[in-house]
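Let me begin by presenting the structure, written as structure tokens, before commenting on it.
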Amino acid sequence: MTPATFVDVVVIGAGQAGLATAFYLRRAGLTPGSGYVVLDAGSQPGGAWSHVWPSLRLFSPPEYSSLPGWLMPPAQAPGFPPATHVVEYLTRYEQRYDLPVRHGVRVSQVRRADDDPHGRLLVDSDAGTWAARAVVSATGTWGRPFVPHYPGQEDFAGQQLHSARYSGPEEFTGRRVVIVGGGNTAAQLLAELSEVAETTWATLRPPKFLPDDVDGRALFRVATARRRALDAGGPDPGGVASLGDIVMVPPVKAARDRGDLVAVPIFSRLTAAGIVWPDGRSQAADVVLWCTGFRPDLAHLSPLGLRGSSGHITTEGTRALGEPRLHLVGYGDWTGPGSATLIGVGRTAREAVSEVVARIQGPASPVGGHV
């Protein structure tokens, strides 16, 4: 068996959360390679941003979409930056700070080396094992698309796909497409597809549209105010969800103006030919596009036994309550308002690294014979 590589900190994932964490580890003076390493399953930089649909744009200008240390440069095209610009920014960010990212390395599991709570965590991958004094999981959600179950789903003779696999409207031209979901992804893909296909938008509850003048800047201010209120021990003033669910970006406004931005209640089942509502009404469909979100990608942490009945890992800040050597960054609102956004993840990463560095600069972790 190949011996483990010893390192102080392993960061799993090199998307926005992993890069922000690596930035602060670098700033704390840890040595790249022996002090910290970033393992990423993707063959190229960009994280989940390299997989989104081509027409996706941010909700806000570059300065509201930046990681710590370096503002995102303006995009050449007018309007808010496209996803391709974000990928370019993350690629250059990784290079700018010479971060020790190992691309094409898929982590299979994180496990304890032994029963010593001050010992090492072992990070197993297809490129070997790392023995770390601390692990930061920054894997996000992209690896776990969520599709709800509906009766008859397996009988549907048409095409079903999750929005994670959507690559553009061309293949849907002239087809009957049912779009399922009540968030920004569903609204934006409806806006795009309704120009080339016959679309039906099915939602669990009526969509909540933000006012036309609200974009990512306003949402960031709301998230910041909420974080400050919670940090001060005050009541939760509510996050961005209290304002609405859907940002009225230009394509969505255009769909509204065309009369295409209309939702119907969710169907109750599928048939070979299409969808059926509880009252018996039916509609033929060629495609069902599930814009139903993602779930945190936590399978690699299963050996640690930290997930509760809800399926989530309970944290205090970013630290896992059941395993103080593990931190989660970019883990949605469970680690703080806005922590899964480009601009919000920096604060979460800084807090995680502060705790990690304090831990590893304490008494040296003993190296047991189980590694």
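How things are named: the first chain in the structure tokens is A, the next is B, and so on; residues count from 1 in each chain; ligands count from 1 in the order shown.
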
Problem - Who sits within 6 Å of Asp8 of chain A, only C-alpha atoms, same chain under 6 positions skipped, as a ChimeraX atom specification - result: /A:35-36,132-133

Restricting it to C-alpha atoms, dump the selection as a tab-separated table (two decimals), in the first residue's frame.
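The file below, out07.tsv, is the result:
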chain	number	residue	atom	x	y	z
A	35	GLY	CA	1.19	22.99	4.46
A	36	TYR	CA	-1.94	22.78	2.34
A	132	ALA	CA	-4.24	15.86	7.23
A	133	ARG	CA	-4.44	17.63	10.54

Exercise for the section: Excluding segment 145-162 of chain A and residues on its chain fewer than 6 positions from it, collect all residues at most 12 Å away from it, counting only C-alpha atoms, and give them as a PyMOL selection string. Expected result: chain A and resi 48+52-53+171-172+175-181+185-186+189+204+266-278+284-297

What does the file look like for those residues with C-alpha atoms, as a JSON list (two decimals), in the first residue's frame?
[["chain", "number", "residue", "atom", "x", "y", "z"],
["A", 48, "ALA", "CA", -19.34, 24.38, -11.14],
["A", 52, "VAL", "CA", -23.60, 25.92, -16.42],
["A", 53, "TRP", "CA", -25.62, 26.72, -19.54],
["A", 171, "GLU", "CA", -32.09, 20.75, -29.38],
["A", 172, "PHE", "CA", -35.55, 21.71, -28.08],
["A", 175, "ARG", "CA", -40.76, 20.54, -29.01],
["A", 176, "ARG", "CA", -43.22, 20.60, -26.10],
["A", 177, "VAL", "CA", -41.18, 21.30, -22.97],
["A", 178, "VAL", "CA", -42.42, 21.18, -19.37],
["A", 179, "ILE", "CA", -40.16, 23.19, -17.05],
["A", 180, "VAL", "CA", -40.44, 22.22, -13.39],
["A", 181, "GLY", "CA", -39.26, 24.53, -10.59],
["A", 185, "THR", "CA", -32.96, 28.68, -13.10],
["A", 186, "ALA", "CA", -36.49, 27.70, -14.13],
["A", 189, "LEU", "CA", -34.55, 28.63, -18.96],
["A", 204, "LEU", "CA", -45.28, 23.90, -6.45],
["A", 266, "ILE", "CA", -47.51, 21.31, -10.40],
["A", 267, "PHE", "CA", -48.86, 18.12, -11.96],
["A", 268, "SER", "CA", -49.51, 15.01, -9.88],
["A", 269, "ARG", "CA", -48.10, 12.32, -12.15],
["A", 270, "LEU", "CA", -46.54, 11.52, -15.50],
["A", 271, "THR", "CA", -47.73, 9.16, -18.19],
["A", 272, "ALA", "CA", -46.03, 7.85, -21.30],
["A", 273, "ALA", "CA", -47.42, 10.81, -23.23],
["A", 274, "GLY", "CA", -47.03, 13.69, -20.79],
["A", 275, "ILE", "CA", -48.30, 15.06, -17.49],
["A", 276, "VAL", "CA", -51.57, 14.82, -15.55],
["A", 277, "TRP", "CA", -52.98, 17.19, -12.91],
["A", 278, "PRO", "CA", -54.98, 16.08, -9.83],
["A", 284, "ALA", "CA", -48.76, 16.04, -23.93],
["A", 285, "ALA", "CA", -45.04, 16.66, -23.55],
["A", 286, "ASP", "CA", -41.83, 15.75, -25.32],
["A", 287, "VAL", "CA", -39.43, 16.93, -22.62],
["A", 288, "VAL", "CA", -39.51, 17.42, -18.85],
["A", 289, "LEU", "CA", -36.75, 19.76, -17.68],
["A", 290, "TRP", "CA", -36.21, 19.50, -13.93],
["A", 291, "CYS", "CA", -35.02, 22.86, -12.52],
["A", 292, "THR", "CA", -35.32, 21.50, -9.01],
["A", 293, "GLY", "CA", -31.98, 22.40, -7.49],
["A", 294, "PHE", "CA", -29.19, 20.46, -5.87],
["A", 295, "ARG", "CA", -28.27, 18.87, -2.59],
["A", 296, "PRO", "CA", -24.96, 19.27, -0.73],
["A", 297, "ASP", "CA", -22.33, 16.85, -2.03]]

Exercise for the section: Write out as a list in words the residues lying within 7 Å of Ala263 of chain A, counting only C-alpha atoms and excluding same-chain residues fewer than 4 positions away. Expected result: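 Surrounding residues, per the criterion: Trp201, Ala202, Thr203 and Pro206 of chain A.
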
Practice task
Report as a PyMOL selection string: the residues of segment 45-294 of chain A with a DSSP assignment of strand (DSSP E), based on the backbone of this structure.
Solution key: chain A and resi 101-103+107-112+121-125+128-137+159-162+176-180+198-203+263-265+269-270+274-276+282-284+287-290

Practice task
Quick one: everything within 12 Å of Thr315 of chain A, counting only C-alpha atoms, minus sequence neighbours fewer than 4 positions away in the same chain. Send it as a VMD selection string.
Solution key: chain A and resid 306 to 308 319 to 329 331 to 336 352

Expected file contents, prior selection, C-alpha atoms, as a compact mmCIF listing (two decimals), in the first residue's frame:
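This went into part_23.txt:
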# COMPACT_ATOMS: atom_id res chain seq x y z
CA LEU A 306 -21.80 13.15 10.93
CA ARG A 307 -25.06 13.45 9.04
CA GLY A 308 -28.21 13.74 11.12
CA ARG A 319 -16.74 23.56 12.08
CA ALA A 320 -18.53 20.22 12.13
CA LEU A 321 -19.84 19.66 15.65
CA GLY A 322 -19.06 15.95 15.58
CA GLU A 323 -15.56 16.33 14.13
CA PRO A 324 -13.56 19.46 15.04
CA ARG A 325 -10.90 18.67 12.42
CA LEU A 326 -13.48 19.15 9.65
CA HIS A 327 -14.78 22.46 8.33
CA LEU A 328 -17.37 23.08 5.61
CA VAL A 329 -17.14 26.15 3.38
CA TYR A 331 -22.25 24.93 2.58
CA GLY A 332 -25.23 27.19 1.93
CA ASP A 333 -26.86 29.17 4.71
CA TRP A 334 -25.90 26.46 7.22
CA THR A 335 -22.53 28.21 7.46
CA GLY A 336 -23.84 31.77 7.23
CA ALA A 352 -12.75 28.62 8.72

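In this model, the gap between atom CA of Gln95 of chain A and atom CA of Val38 of chain A comes to 13.3 Å.
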
Problem - Surrounding residues of Gly168 of chain A excluding itself and chain neighbours under 5 positions, 12 Å, only C-alpha atoms, as a PyMOL selection string - result: chain A and resi 51-56+163+173+188-193+196

Would you export the selected residues with N, CA and C atoms as a PDB file, in the first residue's frame, please?
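Heads up, here's the output in selection-v2.pdb:
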ATOM      1  N   HIS A  51     -19.733  24.337 -15.879  1.00  0.00           N
ATOM      2  CA  HIS A  51     -20.758  23.390 -16.333  1.00  0.00           C
ATOM      3  C   HIS A  51     -22.120  24.030 -16.571  1.00  0.00           C
ATOM      4  N   VAL A  52     -22.278  25.306 -16.297  1.00  0.00           N
ATOM      5  CA  VAL A  52     -23.601  25.923 -16.419  1.00  0.00           C
ATOM      6  C   VAL A  52     -23.940  26.184 -17.880  1.00  0.00           C
ATOM      7  N   TRP A  53     -25.207  26.520 -18.156  1.00  0.00           N
ATOM      8  CA  TRP A  53     -25.623  26.725 -19.539  1.00  0.00           C
ATOM      9  C   TRP A  53     -24.979  27.988 -20.107  1.00  0.00           C
ATOM     10  N   PRO A  54     -24.718  28.011 -21.407  1.00  0.00           N
ATOM     11  CA  PRO A  54     -23.898  29.072 -22.011  1.00  0.00           C
ATOM     12  C   PRO A  54     -24.421  30.488 -21.822  1.00  0.00           C
ATOM     13  N   SER A  55     -25.746  30.673 -21.783  1.00  0.00           N
ATOM     14  CA  SER A  55     -26.294  32.032 -21.728  1.00  0.00           C
ATOM     15  C   SER A  55     -26.393  32.598 -20.319  1.00  0.00           C
ATOM     16  N   LEU A  56     -26.028  31.837 -19.306  1.00  0.00           N
ATOM     17  CA  LEU A  56     -26.171  32.298 -17.920  1.00  0.00           C
ATOM     18  C   LEU A  56     -25.331  33.541 -17.664  1.00  0.00           C
ATOM     19  N   SER A 163     -31.550  20.472 -15.038  1.00  0.00           N
ATOM     20  CA  SER A 163     -30.949  21.696 -15.573  1.00  0.00           C
ATOM     21  C   SER A 163     -29.430  21.634 -15.596  1.00  0.00           C
ATOM     22  N   THR A 173     -35.920  22.939 -30.129  1.00  0.00           N
ATOM     23  CA  THR A 173     -36.706  23.716 -31.083  1.00  0.00           C
ATOM     24  C   THR A 173     -37.922  22.926 -31.571  1.00  0.00           C
ATOM     25  N   GLN A 188     -35.213  31.524 -15.960  1.00  0.00           N
ATOM     26  CA  GLN A 188     -34.292  31.887 -17.034  1.00  0.00           C
ATOM     27  C   GLN A 188     -34.343  30.897 -18.192  1.00  0.00           C
ATOM     28  N   LEU A 189     -34.473  29.607 -17.879  1.00  0.00           N
ATOM     29  CA  LEU A 189     -34.554  28.628 -18.962  1.00  0.00           C
ATOM     30  C   LEU A 189     -35.905  28.707 -19.668  1.00  0.00           C
ATOM     31  N   LEU A 190     -36.962  29.016 -18.921  1.00  0.00           N
ATOM     32  CA  LEU A 190     -38.252  29.260 -19.569  1.00  0.00           C
ATOM     33  C   LEU A 190     -38.136  30.420 -20.547  1.00  0.00           C
ATOM     34  N   ALA A 191     -37.501  31.496 -20.115  1.00  0.00           N
ATOM     35  CA  ALA A 191     -37.351  32.664 -20.979  1.00  0.00           C
ATOM     36  C   ALA A 191     -36.618  32.304 -22.264  1.00  0.00           C
ATOM     37  N   GLU A 192     -35.617  31.469 -22.145  1.00  0.00           N
ATOM     38  CA  GLU A 192     -34.824  31.086 -23.312  1.00  0.00           C
ATOM     39  C   GLU A 192     -35.578  30.107 -24.213  1.00  0.00           C
ATOM     40  N   LEU A 193     -36.184  29.095 -23.597  1.00  0.00           N
ATOM     41  CA  LEU A 193     -36.838  28.045 -24.377  1.00  0.00           C
ATOM     42  C   LEU A 193     -38.146  28.500 -25.008  1.00  0.00           C
ATOM     43  N   VAL A 196     -38.254  29.243 -28.693  1.00  0.00           N
ATOM     44  CA  VAL A 196     -38.063  28.228 -29.733  1.00  0.00           C
ATOM     45  C   VAL A 196     -38.963  27.011 -29.548  1.00  0.00           C
TER      46      VAL A 196
END

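What separates atom CA of Gly42 of chain A from atom CA of Ile360 of chain A is a distance of 28.2 Å.
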
Handout entry: Selected residue, from A:Pro45, A:Asp114, A:Gly338, A:Ser310, that lies nearest to Thr84 of chain A when counting only C-alpha atoms
Key =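 Going through A:Pro45, A:Asp114, A:Gly338, A:Ser310 one by one, the smallest distance to Thr84 of chain A is for A:Pro45.
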
Exercise for the section: State, in Å with one decimal place, the distance from atom CA of Ser108 of chain A to atom CA of Thr5 of chain A. Expected result: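 Interatomic distance here is 15.8 Å.
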
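Using only C-alpha atoms, the smallest distance between any of A:Asp98, A:Glu63, A:Asp245, A:Asp40 and Asp126 of chain A comes from A:Asp40.
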
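Proximity ranking of A:Val247, A:Pro211, A:Gly330, A:Asp260 relative to Ala197 of chain A places A:Asp260 first, based on only C-alpha atoms.
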
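Of the residues in segment 26-153 of chain A, those given alpha helix (DSSP H) by DSSP on the backbone are Arg26, Arg27, Ala83, Thr84, His85, Val86, Val87, Glu88, Tyr89, Leu90, Thr91, Arg92, Tyr93, Glu94, Gln95 and Arg96 of chain A.
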
Fill in the blank from the handout: Between A:Leu90, A:Ala14, A:Ala164, A:Leu301, smallest distance to Val123 of chain A by only C-alpha atoms belongs to A:Leu301

Practice task
Counting only C-alpha atoms, figure out which residue out of A:Gln16, A:Gly362, A:Gly46, A:Pro265 gets nearest to Arg281 of chain A.
Solution key: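 For Arg281 of chain A, the nearest of the candidates is A:Pro265.
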
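Among the candidates A:Pro250, A:Gly47, A:Gly346, A:Gly305, the one nearest to Leu67 of chain A when counting only C-alpha atoms is A:Gly346.
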